[in-house]
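Report on the structure given below.
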Amino acid sequence: MAFSVAGLTGVLLLAGCSSVGTAAETEDPAAGVEVAGVEITVDQAAADLLPAEIAEAGTVKVATDAPYAPFEMFKEEGSDELTGVDVDLGHAIGAKLGIDFEFEQQAFDGIIPALQAGNFDVTITAMTSSVERMEVLTFVDYSASGTGILTTAGNPEGIENYLDLCGREVAVQAATSQVDLVDDAWQGKCETEGLDPIKLSEFPSDADAQLAITSGKAVASLLTKPSAGYVAKTTNDGGTFEVVEDDEAPNGYDATLNGIGVLKENQDLADAIQAALQSLIDDGTYEAILDQYGVTGIGIEEATINGAADAK
């Protein structure tokens with residue numbers, strides 16, 4: 001999700017919060033919680049890292065901005081019960097720590113102010129782990145996502161990477177980072193390889209771009225890789241679309257890290273979440289959660305802290 005952080009430290013301290021919705025119902029973590037078909041019990045080493053006040057309260061309040069499929073979305077129209085990658089992962093982390101992660105709705109641009117106001121303990125909402133946001137937050141990195149290529153199921157055009165789009169009709173939602181990626185980087189690569197430029201057609205929405213594929217007007221569409229994976233998995237039970245998997249860009253092209261955000265002064269909580277997430281990665285639960293939503297391609301092997309800063 002995009003969010004301007006210009007003047008962050010001065011402005012956010014003054015901003016307010018307007019939370020809506022209610023927390024998703026969860027089971028007692030101490031009794032074990034099932035997520036993505038996996039029974040999760042407490043990882044005591046991770047739980048021992050929790051700040052005393054959090055361990056005693058038994059609850060972490062989580063801010064999220066739904067819907068943003070497949071990360072967070074409502075289970076059904078008219079419901080305030082949440083589901084999605086972030087929600088399942090949060091409940092799984094809570095189970096590892098022996099506490100409950102309670103998700104509540106919060107408009108995206110109000111999330112950091114709400115954390116600063118003490119209304120929430122963490123945010124899990126597909127937030128990019130940007131260096132700018134690290135002025136206020138510590139990020140436990142849990143995925144990496146960039147641009148994905150969505151094509152017809154079975155990949156009849158034999159598209160293996162973005163260079164196979166040179167000279168072909170490709171659909172994209174207008175005014176997105178995918179348009180910039182094609183214009184600023186891929187067209188130049190096509191020219192360098194002696195290939196014709198990508199014939200990019202812009203549409204009002206991702207759904208319109210996908211319709212261009214099924215109507216034969218485009219061989220592929222470009223969107224975020226997690227969105228592409230979710231569309232491929234859920235449309236016609238996986239029978240309509242397919243995501244191109246490029247070994248050179250397993251998380252998508254021009255990928256950035258997404259992180260669980262915790263206020264910088266709450267480092268102990270960040271450390272506990274990192275340990276719990278790494279435990280989920282190590283025992284396979286993390287991959288099961290991603291696979292449930294068709295987004296295994298955004299997975300990472302290590303739960304880093306502020307990995308985007310280390311990469312600079």
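Residues in the structure tokens are numbered from 1 in each chain, the chains being A, B, ... in the order shown, and ligands are numbered from 1 in the order shown.
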Quick one: residues within 9 Å of Val262 of chain A, only C-alpha atoms counted, chain neighbours fewer than 5 positions away excluded, as a list in words?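 So the residues in contact are Leu115, Asp121, Val122, Thr123, Val136, Leu137, Thr138, Phe139, Val140, Gln267, Leu269 and Ala270 of chain A.
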Just want the 8 Å neighbourhood of Ala36 of chain A, counted on only C-alpha atoms, with same-chain residues fewer than 4 positions away dropped. Output as number ranges by chain. A: 88, 285, 288-289, 292
Which neighbours of Glu169 of chain A fall inside 8 Å, counting only C-alpha atoms, when residues of the same chain fewer than 5 positions from it are skipped, and could you give them as JSON, numbers by chain? {"A": [198, 199, 200, 201, 217, 218, 219, 220]}
Which residue gives the smallest distance to Gly146 of chain A among A:Asp80, A:Asp268, A:Glu302, A:Asp254, with only C-alpha atoms counted?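 Between A:Asp80, A:Asp268, A:Glu302, A:Asp254, the residue approaching Gly146 of chain A most closely is A:Asp254.
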Test item: residues at most 12 Å from Ala47 of chain A, only C-alpha atoms, excluding those fewer than 3 positions along its chain, as number ranges by chain: A: 29-30, 41-44, 50-52, 54-56, 58, 93-99, 268-277, 279
Using N, CA and C atoms, can you write the selected residues to a file as an mmCIF file, in the first residue's frame?
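Dumped to selection.cif:
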data_model
loop_
_atom_site.group_PDB
_atom_site.id
_atom_site.type_symbol
_atom_site.label_atom_id
_atom_site.label_comp_id
_atom_site.auth_asym_id
_atom_site.auth_seq_id
_atom_site.Cartn_x
_atom_site.Cartn_y
_atom_site.Cartn_z
ATOM 1 N N PRO A 29 -5.466 -18.850 22.378
ATOM 2 C CA PRO A 29 -4.167 -19.289 21.880
ATOM 3 C C PRO A 29 -3.510 -20.330 22.768
ATOM 4 N N ALA A 30 -3.762 -20.248 24.072
ATOM 5 C CA ALA A 30 -3.125 -21.198 24.980
ATOM 6 C C ALA A 30 -3.543 -22.632 24.687
ATOM 7 N N THR A 41 0.962 -24.373 18.372
ATOM 8 C CA THR A 41 1.082 -24.259 19.819
ATOM 9 C C THR A 41 2.211 -23.279 20.161
ATOM 10 N N VAL A 42 2.310 -22.946 21.428
ATOM 11 C CA VAL A 42 3.226 -21.902 21.871
ATOM 12 C C VAL A 42 4.683 -22.296 21.646
ATOM 13 N N ASP A 43 5.455 -21.348 21.134
ATOM 14 C CA ASP A 43 6.908 -21.452 21.080
ATOM 15 C C ASP A 43 7.428 -20.678 22.298
ATOM 16 N N GLN A 44 7.816 -21.395 23.326
ATOM 17 C CA GLN A 44 8.117 -20.744 24.601
ATOM 18 C C GLN A 44 9.292 -19.783 24.496
ATOM 19 N N LEU A 50 8.394 -11.597 25.026
ATOM 20 C CA LEU A 50 7.325 -10.606 25.104
ATOM 21 C C LEU A 50 7.536 -9.635 26.272
ATOM 22 N N PRO A 51 7.241 -8.365 26.070
ATOM 23 C CA PRO A 51 7.224 -7.436 27.206
ATOM 24 C C PRO A 51 6.221 -7.912 28.248
ATOM 25 N N ALA A 52 6.517 -7.705 29.505
ATOM 26 C CA ALA A 52 5.682 -8.231 30.584
ATOM 27 C C ALA A 52 4.237 -7.751 30.478
ATOM 28 N N ILE A 54 2.496 -6.944 27.858
ATOM 29 C CA ILE A 54 1.784 -7.618 26.771
ATOM 30 C C ILE A 54 1.458 -9.049 27.175
ATOM 31 N N ALA A 55 2.434 -9.740 27.770
ATOM 32 C CA ALA A 55 2.206 -11.124 28.208
ATOM 33 C C ALA A 55 1.077 -11.197 29.222
ATOM 34 N N GLU A 56 1.025 -10.225 30.124
ATOM 35 C CA GLU A 56 -0.012 -10.217 31.154
ATOM 36 C C GLU A 56 -1.377 -9.892 30.561
ATOM 37 N N GLY A 58 -2.289 -10.466 27.488
ATOM 38 C CA GLY A 58 -2.685 -11.593 26.648
ATOM 39 C C GLY A 58 -3.232 -11.205 25.297
ATOM 40 N N ILE A 93 1.017 -15.978 14.532
ATOM 41 C CA ILE A 93 2.065 -15.395 15.383
ATOM 42 C C ILE A 93 1.577 -15.325 16.825
ATOM 43 N N GLY A 94 0.337 -14.887 17.001
ATOM 44 C CA GLY A 94 -0.226 -14.849 18.345
ATOM 45 C C GLY A 94 -0.233 -16.210 19.009
ATOM 46 N N ALA A 95 -0.574 -17.248 18.241
ATOM 47 C CA ALA A 95 -0.593 -18.604 18.789
ATOM 48 C C ALA A 95 0.802 -19.037 19.224
ATOM 49 N N LYS A 96 1.807 -18.683 18.442
ATOM 50 C CA LYS A 96 3.193 -19.015 18.813
ATOM 51 C C LYS A 96 3.608 -18.312 20.107
ATOM 52 N N LEU A 97 3.045 -17.114 20.336
ATOM 53 C CA LEU A 97 3.403 -16.326 21.514
ATOM 54 C C LEU A 97 2.477 -16.584 22.697
ATOM 55 N N GLY A 98 1.402 -17.359 22.466
ATOM 56 C CA GLY A 98 0.472 -17.660 23.542
ATOM 57 C C GLY A 98 -0.447 -16.504 23.888
ATOM 58 N N ILE A 99 -0.646 -15.601 22.940
ATOM 59 C CA ILE A 99 -1.528 -14.461 23.145
ATOM 60 C C ILE A 99 -2.458 -14.335 21.938
ATOM 61 N N ASP A 268 11.220 -4.749 22.194
ATOM 62 C CA ASP A 268 11.032 -6.104 22.746
ATOM 63 C C ASP A 268 9.863 -6.811 22.069
ATOM 64 N N LEU A 269 8.790 -6.074 21.802
ATOM 65 C CA LEU A 269 7.649 -6.674 21.116
ATOM 66 C C LEU A 269 8.021 -7.070 19.695
ATOM 67 N N ALA A 270 8.791 -6.220 19.012
ATOM 68 C CA ALA A 270 9.249 -6.549 17.661
ATOM 69 C C ALA A 270 10.103 -7.808 17.676
ATOM 70 N N ASP A 271 10.970 -7.940 18.667
ATOM 71 C CA ASP A 271 11.840 -9.119 18.758
ATOM 72 C C ASP A 271 11.020 -10.394 18.974
ATOM 73 N N ALA A 272 9.983 -10.298 19.800
ATOM 74 C CA ALA A 272 9.132 -11.466 20.048
ATOM 75 C C ALA A 272 8.380 -11.864 18.785
ATOM 76 N N ILE A 273 7.859 -10.883 18.065
ATOM 77 C CA ILE A 273 7.144 -11.164 16.815
ATOM 78 C C ILE A 273 8.084 -11.773 15.792
ATOM 79 N N GLN A 274 9.307 -11.242 15.705
ATOM 80 C CA GLN A 274 10.287 -11.803 14.773
ATOM 81 C C GLN A 274 10.561 -13.276 15.089
ATOM 82 N N ALA A 275 10.754 -13.590 16.364
ATOM 83 C CA ALA A 275 11.042 -14.978 16.760
ATOM 84 C C ALA A 275 9.858 -15.892 16.437
ATOM 85 N N ALA A 276 8.640 -15.419 16.690
ATOM 86 C CA ALA A 276 7.445 -16.222 16.398
ATOM 87 C C ALA A 276 7.292 -16.442 14.902
ATOM 88 N N LEU A 277 7.516 -15.393 14.110
ATOM 89 C CA LEU A 277 7.401 -15.517 12.657
ATOM 90 C C LEU A 277 8.452 -16.475 12.111
ATOM 91 N N SER A 279 9.726 -18.946 13.648
ATOM 92 C CA SER A 279 9.279 -20.286 14.028
ATOM 93 C C SER A 279 8.252 -20.809 13.037
#
Nearest to Ala175 of chain A by atom-to-atom distance, counting only C-alpha atoms, from A:Glu53, A:Asp196, A:Asp206, A:Glu160: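 Nearest to Ala175 of chain A: A:Asp206.
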Enumerate the residues of segment 108-243 of chain A with a DSSP assignment of helix (DSSP H, G or I), computed from the backbone, and present them as number ranges by chain. A: 108-116, 133-135, 162-165, 177-192, 206-214, 225-238
Under the rule that only C-alpha atoms are counted, which of A:Asp141, A:Glu39, A:Glu132, A:Glu245 is the nearest residue to Gly261 of chain A? A:Asp141
Separation of atom CA of Thr152 of chain A and atom CA of Ala255 of chain A, in Å?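 Calculated distance between atom CA of Thr152 of chain A and atom CA of Ala255 of chain A is 22.9 Å.
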Contacts of Ala308 of chain A within 7 Å, only C-alpha atoms, excl. fewer than 2 positions in-chain, as an MDAnalysis selection string: chainID A and resid 129:131 257 306 310:312
